[in-house]
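J.: Provided herewith: upload.txt, compact mmCIF, C-alpha atoms.
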# COMPACT_ATOMS: atom_id res chain seq x y z
CA MET A 878 0.00 0.00 0.00
CA GLY A 879 2.78 2.37 0.93
CA THR A 880 4.45 1.77 -2.42
CA ASP A 881 1.23 2.60 -4.30
CA ILE A 882 0.85 5.88 -2.41
CA GLU A 883 4.48 6.80 -3.03
CA THR A 884 4.11 5.99 -6.74
CA ALA A 885 0.94 8.10 -7.05
CA TYR A 886 2.65 10.98 -5.25
CA ALA A 887 5.69 10.73 -7.52
CA GLN A 888 3.48 10.73 -10.62
CA GLU A 889 1.56 13.77 -9.43
CA PHE A 890 4.79 15.58 -8.59
CA GLY A 891 6.12 14.73 -12.05
CA ARG A 892 3.01 16.13 -13.73
CA GLU A 893 3.21 19.35 -11.71
CA TYR A 894 6.92 19.72 -12.43
CA ALA A 895 6.35 19.22 -16.17
CA LYS A 896 3.44 21.67 -16.17
CA MET A 897 5.52 24.43 -14.59
CA LYS A 898 8.46 23.75 -16.90
CA TYR A 899 6.20 24.04 -19.95
CA GLN A 900 4.77 27.27 -18.58
CA GLU A 901 8.30 28.66 -18.11
CA GLN A 902 9.30 27.61 -21.63
CA SER A 903 6.16 29.25 -23.01
CA SER A 904 7.08 32.48 -21.23
CA GLN A 905 10.57 32.46 -22.72
CA LEU A 906 9.18 31.87 -26.22
CA LYS A 907 6.86 34.85 -25.77
CA LYS A 908 9.84 36.97 -24.79
CA GLU A 909 11.77 35.85 -27.86
CA TYR A 910 9.11 35.90 -30.55
CA PHE A 911 6.58 38.58 -29.57
CA GLN A 912 7.57 42.18 -30.07
CA ASP A 913 4.77 43.25 -27.75
CA ASN A 914 6.47 43.23 -24.36
CA THR A 915 3.06 43.15 -22.66
CA ILE A 916 2.55 39.51 -23.66
CA TYR A 917 5.80 38.47 -21.98
CA LEU A 918 5.10 40.46 -18.81
CA LYS A 919 1.64 38.92 -18.53
CA SER A 920 3.16 35.45 -18.79
CA LEU A 921 5.49 36.28 -15.89
CA LEU A 922 2.56 37.36 -13.73
CA ASP A 923 0.80 34.09 -14.62
CA LEU A 924 3.92 32.19 -13.56
CA SER A 925 4.09 34.11 -10.30
CA GLN A 926 0.51 33.15 -9.44
CA SER A 927 1.05 29.52 -10.44
CA TYR A 928 4.07 29.17 -8.17
CA ALA A 929 2.32 30.97 -5.29
CA GLU A 930 -0.60 28.55 -5.53
CA ARG A 931 1.93 25.72 -5.21
CA GLN A 932 3.55 27.42 -2.19
CA ARG A 933 6.81 27.97 -4.03
CA TYR A 934 7.11 31.51 -2.80
CA VAL A 935 10.70 32.35 -3.77
CA ARG A 936 10.09 31.59 -7.45
CA SER A 937 6.72 33.34 -7.28
CA GLN A 938 8.29 36.50 -5.89
CA ASN A 939 11.14 36.45 -8.40
CA TYR A 940 8.81 36.25 -11.40
CA HIS A 941 6.52 38.88 -9.94
CA SER A 942 9.41 41.27 -9.31
CA GLN A 943 10.47 40.99 -12.94
CA ALA A 944 7.00 41.82 -14.22
CA TYR A 945 4.86 44.08 -12.05
CA SER A 946 6.70 47.43 -12.16
CA ALA A 947 7.35 47.16 -15.90
CA TYR A 948 3.72 46.26 -16.59
CA ALA A 949 2.44 49.13 -14.43
CA ARG A 950 4.62 51.55 -16.44
CA LEU A 951 3.20 50.18 -19.70
CA ILE A 952 -0.33 50.73 -18.40
CA GLU A 953 0.49 54.35 -17.60
CA GLN A 954 1.93 54.88 -21.09
CA GLU A 955 -1.07 53.31 -22.79
CA LEU A 956 -3.67 55.25 -20.81
CA CYS A 957 -1.89 58.50 -21.67
CA SER A 958 -2.08 57.77 -25.39
CA LEU A 959 -5.64 56.43 -25.82
CA CYS A 960 -9.06 58.03 -26.20
CA GLU A 961 -11.66 57.57 -23.48
CA SER A 962 -13.52 54.55 -24.90
CA GLU A 963 -10.29 52.72 -25.79
CA ARG A 964 -8.98 53.34 -22.27
CA ARG A 965 -12.00 51.40 -20.97
CA ILE A 966 -11.35 48.51 -23.35
CA TYR A 967 -7.64 48.43 -22.52
CA TRP A 968 -8.21 48.55 -18.76
CA ASN A 969 -10.71 45.67 -18.85
CA THR A 970 -7.82 43.43 -19.94
CA ALA A 971 -5.01 45.09 -18.00
CA ALA A 972 -6.99 44.96 -14.75
CA GLN A 973 -7.04 41.16 -14.82
CA TYR A 974 -3.26 41.11 -14.58
CA ILE A 975 -3.00 43.90 -12.04
CA TYR A 976 -5.38 41.91 -9.87
CA LYS A 977 -3.10 38.88 -10.17
CA THR A 978 -0.83 40.84 -7.84
CA LEU A 979 -3.65 40.96 -5.28
CA ASP A 980 -4.33 37.24 -5.78
CA VAL A 981 -0.67 36.41 -5.12
CA ALA A 982 -0.48 38.76 -2.13
CA ASN A 983 -3.66 37.27 -0.71
CA ILE A 984 -2.13 33.78 -0.94
CA TYR A 985 0.94 35.10 0.89
CA SER A 986 -1.24 36.72 3.56
CA LYS A 987 -2.41 33.29 4.71
CA GLN A 988 1.18 32.31 5.54
CA SER A 989 2.36 33.74 8.85
CA ILE A 990 5.93 34.17 7.60
CA PHE A 991 4.75 36.68 4.98
CA HIS A 992 2.06 38.77 6.67
CA LEU A 993 4.62 41.27 7.98
CA GLY A 994 5.39 42.30 4.43
CA ASN A 995 7.76 41.86 1.50
CA ARG A 996 8.09 42.98 -2.11
CA ILE A 997 4.78 41.35 -3.02
CA THR A 998 2.87 43.35 -0.40
CA SER A 999 4.55 46.53 -1.67
CA ASP A 1000 3.42 45.76 -5.22
CA ALA A 1001 -0.06 44.87 -3.95
CA TYR A 1002 -0.51 48.21 -2.18
CA ASN A 1003 0.79 49.98 -5.30
CA ALA A 1004 -1.64 47.95 -7.43
CA VAL A 1005 -4.57 49.12 -5.32
CA LEU A 1006 -3.41 52.74 -5.58
CA LEU A 1007 -3.16 52.32 -9.36
CA SER A 1008 -6.49 50.62 -9.91
CA LYS A 1009 -9.04 52.30 -7.63
CA GLY A 1010 -11.05 54.77 -9.69
CA ILE A 1011 -8.50 54.63 -12.49
CA LEU A 1012 -10.82 55.40 -15.42
CA LEU A 1013 -12.77 58.17 -13.69
CA ASN A 1014 -9.59 59.80 -12.39
CA THR A 1015 -7.89 59.52 -15.79
CA THR A 1016 -10.80 61.33 -17.46
CA ARG A 1017 -10.78 64.05 -14.80
CA ASN A 1018 -7.01 64.42 -15.00
CA PHE A 1019 -7.18 64.59 -18.79
CA GLU A 1020 -9.51 67.60 -18.59
CA ASP A 1021 -7.51 69.25 -15.80
CA TYR A 1022 -4.28 68.72 -17.72
CA ILE A 1023 -5.70 70.43 -20.80
CA LEU A 1024 -7.08 73.37 -18.83
CA ASN A 1025 -3.77 73.83 -17.02
CA SER A 1026 -1.71 73.55 -20.22
CA ASN A 1027 -2.59 77.11 -21.28
CA ASP A 1028 -2.78 75.75 -24.83
CA SER A 1029 -5.69 77.69 -26.32
CA ILE A 1030 -6.14 75.28 -29.24
CA ALA A 1031 -6.37 72.21 -26.97
CA ILE A 1032 -8.72 74.07 -24.60
CA ASN A 1033 -10.99 75.04 -27.49
CA TYR A 1034 -11.13 71.43 -28.68
CA LEU A 1035 -12.00 70.33 -25.14
CA SER A 1036 -14.81 72.87 -25.01
CA GLU A 1037 -16.08 71.59 -28.37
CA ARG A 1038 -15.92 67.99 -27.11
CA LYS A 1039 -17.98 68.83 -24.02
CA SER A 1040 -20.59 70.59 -26.16
CA LEU A 1041 -20.83 67.60 -28.52
CA TYR A 1042 -21.17 65.23 -25.56
CA VAL A 1043 -24.05 67.26 -24.09
CA ASN A 1044 -25.77 67.25 -27.48
CA GLY A 1045 -25.53 63.46 -27.79
CA ALA A 1046 -22.66 63.05 -30.26
CA ASN A 1047 -21.64 59.45 -30.95
CA GLN A 1048 -18.59 57.97 -29.24
CA GLN A 1049 -16.55 57.82 -32.45
CA THR A 1050 -16.78 61.60 -32.83
CA LEU A 1051 -15.76 62.15 -29.22
CA ASP A 1052 -12.85 59.72 -29.56
CA SER A 1053 -11.63 61.54 -32.66
CA LEU A 1054 -11.50 64.79 -30.72
CA ASP A 1055 -9.57 63.06 -27.93
CA TYR A 1056 -6.86 62.11 -30.41
CA VAL A 1057 -6.83 65.61 -31.92
CA ILE A 1058 -6.26 67.05 -28.44
CA LEU A 1059 -3.49 64.53 -27.70
CA ASP A 1060 -1.78 65.43 -30.99
CA VAL A 1061 -1.99 69.17 -30.20
CA LEU A 1062 -0.45 68.62 -26.76
CA ASN A 1063 2.33 66.44 -28.19
CA ALA A 1064 3.12 69.01 -30.91
CA ASN A 1065 3.58 71.68 -28.24
CA GLY A 1066 5.81 69.52 -26.04
CA GLN A 1067 3.11 68.96 -23.42
CA ALA A 1068 2.42 65.25 -23.80
CA PHE A 1069 -0.38 64.09 -21.50
CA LYS A 1070 0.90 62.53 -18.26
CA LEU A 1071 -0.74 60.80 -15.31
CA PRO A 1072 1.69 61.22 -12.41
CA HIS A 1073 -0.82 59.79 -9.90
CA LEU A 1074 -0.43 56.36 -11.56
CA SER A 1075 3.20 56.32 -10.46
CA LEU A 1076 2.40 56.90 -6.79
CA THR A 1077 3.54 54.22 -4.37
CA TRP A 1078 2.80 53.21 -0.81
CA LYS A 1079 5.94 55.09 0.25
CA ASP A 1080 4.46 58.35 -1.07
CA VAL A 1081 1.37 57.76 1.05
CA CYS A 1082 3.51 56.80 4.04
CA ASN A 1083 5.41 60.09 3.81
CA HIS A 1084 2.15 61.97 4.35
CA LEU A 1085 1.20 60.09 7.52
CA GLU A 1086 1.85 61.40 10.98
CA GLU A 1087 3.90 59.26 13.37
CA GLN A 1088 0.99 57.25 14.82
CA ASP A 1089 -1.37 57.27 11.82
CA ILE A 1090 -2.32 54.14 9.91
CA ALA A 1091 -3.53 53.90 6.28
CA ILE A 1092 -5.52 50.87 5.15
CA GLU A 1093 -6.45 49.70 1.67
CA PHE A 1094 -9.14 47.04 1.69
CA TYR A 1095 -9.19 44.90 -1.45
CA ARG A 1096 -11.22 42.18 -3.11
CA THR A 1097 -9.51 39.62 -5.36
CA LEU A 1098 -10.90 38.29 -8.62
CA LYS A 1099 -11.98 35.21 -6.66
CA GLY A 1100 -14.05 37.40 -4.34
CA GLU A 1101 -11.75 37.09 -1.33
CA TYR A 1102 -11.24 40.13 0.90
CA GLY A 1103 -8.13 41.41 2.60
CA ALA A 1104 -6.48 44.52 3.99
CA ILE A 1105 -3.05 46.01 3.27
CA PHE A 1106 -1.91 48.64 5.74
CA ILE A 1107 1.03 50.95 6.39
CA LYS A 1108 2.52 53.09 9.12
CA LYS A 1109 5.42 55.50 9.10
CA GLY A 1110 8.79 53.76 9.45
CA TRP A 1111 7.71 50.33 8.20
CA ARG A 1112 9.93 48.68 5.59
CA TYR A 1113 6.96 47.11 3.83
CA PRO A 1114 3.16 47.23 3.96
CA ARG A 1115 1.56 44.49 6.04
CA ILE A 1116 -1.31 42.32 4.90
CA ILE A 1117 -4.05 40.17 6.36
CA SER A 1118 -6.69 38.01 4.69
CA LEU A 1119 -10.28 38.67 5.81
CA LYS A 1120 -11.15 35.07 5.06
CA ASP A 1121 -14.58 35.00 6.71
CA LEU A 1122 -15.93 37.76 4.45
CA SER A 1123 -15.53 35.70 1.30
CA THR A 1124 -17.84 32.93 2.51
CA THR A 1125 -20.69 34.95 4.08
CA ASP A 1126 -23.26 37.53 2.98
CA GLU A 1127 -22.93 39.45 6.26
CA LEU A 1128 -22.07 42.71 4.56
CA TRP A 1129 -25.36 42.84 2.69
CA SER A 1130 -27.28 42.96 5.96
CA CYS A 1131 -24.84 45.18 7.85
CA ASN A 1132 -26.45 48.55 7.06
CA LYS A 1133 -29.93 47.20 7.85
CA LEU A 1134 -28.68 45.84 11.18
CA LEU A 1135 -27.10 49.17 12.04
CA GLN A 1136 -30.38 50.95 11.37
CA GLU A 1137 -32.31 48.48 13.54
CA ALA A 1138 -29.86 48.50 16.45
CA THR A 1139 -31.54 49.70 19.63
CA ILE A 1140 -30.74 49.47 23.29
CA ASP A 1141 -32.74 46.23 23.57
CA SER A 1142 -31.61 44.51 20.35
CA VAL A 1143 -29.14 42.08 21.94
CA LYS A 1144 -29.36 39.61 19.02
CA ILE A 1145 -28.62 42.34 16.47
CA HIS A 1146 -25.68 43.53 18.56
CA LYS A 1147 -24.22 40.04 18.50
CA GLU A 1148 -24.54 39.82 14.72
CA LEU A 1149 -22.91 43.23 14.28
CA ARG A 1150 -20.06 42.35 16.62
CA GLN A 1151 -19.35 39.26 14.51
CA ILE A 1152 -19.14 41.45 11.40
CA THR A 1153 -16.81 43.77 13.33
CA ARG A 1154 -14.50 40.88 14.14
CA ASP A 1155 -14.49 39.84 10.47
CA VAL A 1156 -13.86 43.32 9.03
CA TRP A 1157 -11.69 44.76 11.81
CA PRO A 1158 -9.78 41.77 13.25
CA TYR A 1159 -7.33 42.21 16.11
CA GLU A 1160 -4.42 41.60 13.70
CA LEU A 1161 -5.37 44.96 12.19
CA THR A 1162 -6.77 47.01 15.09
CA LYS A 1163 -3.79 46.32 17.34
CA TYR A 1164 -1.94 48.90 15.22
CA PHE A 1165 -4.64 51.58 15.61
CA PRO A 1166 -3.62 54.74 17.48
CA LYS A 1167 -5.72 55.99 20.36
CA LYS A 1168 -8.24 58.69 19.51
CA ASP A 1169 -6.09 61.51 20.87
CA GLU A 1170 -2.85 60.18 19.32
CA GLY A 1171 -3.50 59.64 15.60
CA ASN A 1172 -5.85 58.87 12.74
CA VAL A 1173 -7.07 55.76 10.93
CA TYR A 1174 -7.51 56.29 7.18
CA PHE A 1175 -9.13 53.56 5.11
CA SER A 1176 -10.33 52.95 1.59
CA ALA A 1177 -13.00 50.32 0.96
CA ASP A 1178 -13.52 47.90 -1.92
CA GLY A 1179 -16.19 45.49 -3.14
CA ASP A 1180 -19.26 45.27 -0.88
CA LEU A 1181 -17.36 47.27 1.76
CA LEU A 1182 -17.96 50.33 -0.44
CA ILE A 1183 -21.66 50.26 0.42
CA THR A 1184 -21.24 49.13 4.01
CA SER A 1185 -20.87 51.49 6.98
CA ILE A 1186 -17.96 49.57 8.47
CA GLU A 1187 -16.71 52.68 10.30
CA TYR A 1188 -19.89 52.57 12.40
CA LEU A 1189 -19.64 48.93 13.40
CA PRO A 1190 -19.86 48.38 17.17
CA ILE A 1191 -17.10 47.20 19.45
CA CYS A 1192 -17.19 46.30 23.14
CA SER A 1193 -15.84 48.73 25.69
CA TYR A 1194 -16.29 49.34 29.42
CA HIS A 1195 -18.46 52.17 30.66
CA ALA A 1196 -16.34 54.84 32.31
CA LYS A 1197 -18.40 54.72 35.53
CA SER A 1198 -19.12 51.01 35.61
CA LYS A 1199 -16.10 48.79 35.05
CA ASP A 1200 -18.13 45.63 35.46
CA LYS A 1201 -20.58 46.35 32.64
CA LYS A 1202 -19.82 46.18 28.92
CA TYR A 1203 -21.27 48.63 26.46
CA LEU A 1204 -21.24 48.67 22.66
CA THR A 1205 -19.75 51.74 21.05
CA SER A 1206 -18.96 52.61 17.46
CA MET A 1207 -15.52 52.10 15.91
CA SER A 1208 -15.54 55.83 15.18
CA ASP A 1209 -16.25 56.57 18.83
CA VAL A 1210 -13.04 54.84 19.88
CA TYR A 1211 -10.77 55.84 16.96
CA ASN A 1212 -10.44 58.78 14.58
CA VAL A 1213 -11.65 56.90 11.49
CA TYR A 1214 -11.70 58.54 8.04
CA ARG A 1215 -13.08 56.93 4.88
CA LEU A 1216 -11.31 57.85 1.61
CA SER A 1217 -11.91 56.76 -1.98
CA SER A 1218 -8.20 55.90 -2.04
CA THR A 1219 -5.41 56.53 0.44
CA ARG A 1220 -3.61 58.41 -2.34
CA GLU A 1221 -5.98 61.24 -1.37
CA LEU A 1222 -3.65 61.82 1.57
CA LEU A 1223 -1.18 63.35 -0.90
CA LYS A 1224 -3.59 66.21 -1.58
CA SER A 1225 -3.01 69.45 0.22
CA SER A 1226 -5.09 70.11 3.33
CA ALA A 1227 -7.04 72.66 1.28
CA GLN A 1228 -8.05 69.97 -1.24
CA LEU A 1229 -8.70 67.15 1.22
CA SER A 1230 -11.77 67.51 3.39
CA LEU A 1231 -11.69 65.27 6.44
CA ASP A 1232 -14.82 65.75 8.48
CA PRO A 1233 -14.66 63.75 11.70
CA ILE A 1234 -17.15 60.89 11.72
CA LYS A 1235 -19.85 61.41 14.30
CA ALA A 1236 -19.87 58.98 17.19
CA THR A 1237 -22.61 56.37 17.33
CA ILE A 1238 -23.49 54.92 20.72
CA TYR A 1239 -25.05 51.48 21.00
CA GLY A 1240 -26.99 50.06 23.89
CA GLY A 1241 -25.57 48.42 26.99
CA LEU A 1242 -25.21 44.67 27.41
CA SER A 1243 -25.07 42.98 30.77
What is this structure when it is put down as structure tokens?

T.:
Amino acid sequence: MGTDIETAYAQEFGREYAKMKYQEQSSQLKKEYFQDNTIYLKSLLDLSQSYAERQRYVRSQNYHSQAYSAYARLIEQELCSLCESERRIYWNTAAQYIYKTLDVANIYSKQSIFHLGNRITSDAYNAVLLSKGILLNTTRNFEDYILNSNDSIAINYLSERKSLYVNGANQQTLDSLDYVILDVLNANGQAFKLPHLSLTWKDVCNHLEEQDIAIEFYRTLKGEYGAIFIKKGWRYPRIISLKDLSTTDELWSCNKLLQEATIDSVKIHKELRQITRDVWPYELTKYFPKKDEGNVYFSADGDLLITSIEYLPICSYHAKSKDKKYLTSMSDVYNVYRLSSTRELLKSSAQLSLDPIKATIYGGLS
């Protein structure tokens, strides 16, 4: 019996080994025969994910390091040279490979030796900064760039484009004007650029105060949730997998539960506290500064975007009654600020409006 098991194991190992070798050979052929460097870089990201899934983390990280930064630069170049509708088409494909970085990082997050951070977690945080709101921000930045260029011809074309859009012009006409504007900018030495796509977690970190924490929640292509977070002085971002969120529909009922919470709704309080533990686990909150010492900045993703996670209840002791637990809001215990992306922290204080979240008090529990 033992011999049969050993033989089956050896055969399976042989098949896996051959599969990975063929995948590596395919990647090298793409490098050699395809002039489009994107195809080769995508194959490296595929290899990185394949090795991560097989827990071969050194090879996974090596392939990922070769590919991610170069691919992110290509995305920036492409988005700066395409019209609006073609940017959408391009991003639909590019996003799948950017999210491979999150898939790999999420696999790493489940291994205790990696959760404190490495190059993959750095790339993952950068990938979230790149991807959140990318198309909307690119369109806004395109218009701002034109208006700030002081190029009267480009500005006139932009004005014409807006007028045509309001009057229901077809997309082909609008795209043609996009390319005319890009050509005008290039001819005057003002090629369109998107500097925000080059921002990294270190740029965000430099805008944090000593005790602040910045958190990027993410959702992988497989629907798994996690959180990548940074503090000043850390060598790498840290990451945790919010594994319970991927297998429950808790978030859909969260807002309704919050609305129904009353001083007597003990059952609802218990359900909300479970969601709190899933969204804000101790592995994350242990890094939170006290309310009078620093701020907690977070950016949501997936179903978290429509969930009031900053108002979720946590247990605390009443100031005058140490033997009785009360439920209070996360925002009552910490200075919590929701952002569309933590890259917003790079805006000047005049641009960034941070209104403190009002405290929400929940009923007492014996």

J.: Of the residues A:Gln973, A:Asn1083, A:Asn914, A:Gln1088, which is the one nearest to Arg950 of chain A, using only C-alpha atoms?

T.: A:Asn914

J.: Env of segment 976-979 of chain A: 8 Å cut, atoms = only C-alpha atoms, seq-sep filter 2 positions within chain, self excluded. Answer as a ChimeraX atom specification.

T.: /A:922-923,926,941,945,972-974,981-983,997,1000-1001,1004,1095-1098

J.: How many Å separate atom CA of Ala944 of chain A from atom CA of Ser999 of chain A?

T.: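 Answer for the atom CA of Ala944 of chain A to atom CA of Ser999 of chain A separation: 13.6 Å.
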
J.: Have a look at A:Asp1021, A:Gly1010, A:Ala1031, A:Ile952 and name the one nearest to Ala1064 of chain A; count all atoms listed in the file.

T.: A:Ala1031

J.: Enter the distance from atom CA of Lys1147 of chain A to atom CA of Ile1191 of chain A, in Å, rounded to one decimal.

T.: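 One can read the atom CA of Lys1147 of chain A to atom CA of Ile1191 of chain A distance as 10.1 Å.
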
J.: Which residue gives the smallest distance to Ile984 of chain A among A:Thr1077, A:Thr998, A:Ser904, A:Asn1172, with all atoms listed in the file counted?

T.: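 Once distances to Ile984 of chain A are computed over all atoms listed in the file, the minimum belongs to A:Thr998.
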
J.: Please indicate the distance in Å from atom CA of Tyr1159 of chain A to atom CA of Ser1185 of chain A, rounded to one decimal place.

T.: 18.8 Å

J.: Using all atoms listed in the file for the distances, tell me which of A:Ala895, A:Val935, A:Ala971, A:Ile966 is nearest to Leu918 of chain A.

T.: A:Ala971

J.: Could you name the residues that touch Leu1122 of chain A at 12 Å or less, counting all atoms listed in the file, but leaving out those on the same chain fewer than 3 positions away, as a PyMOL selection string?

T.: chain A and resi 1094-1097+1100-1104+1118-1119+1125-1129+1151-1158+1179-1181
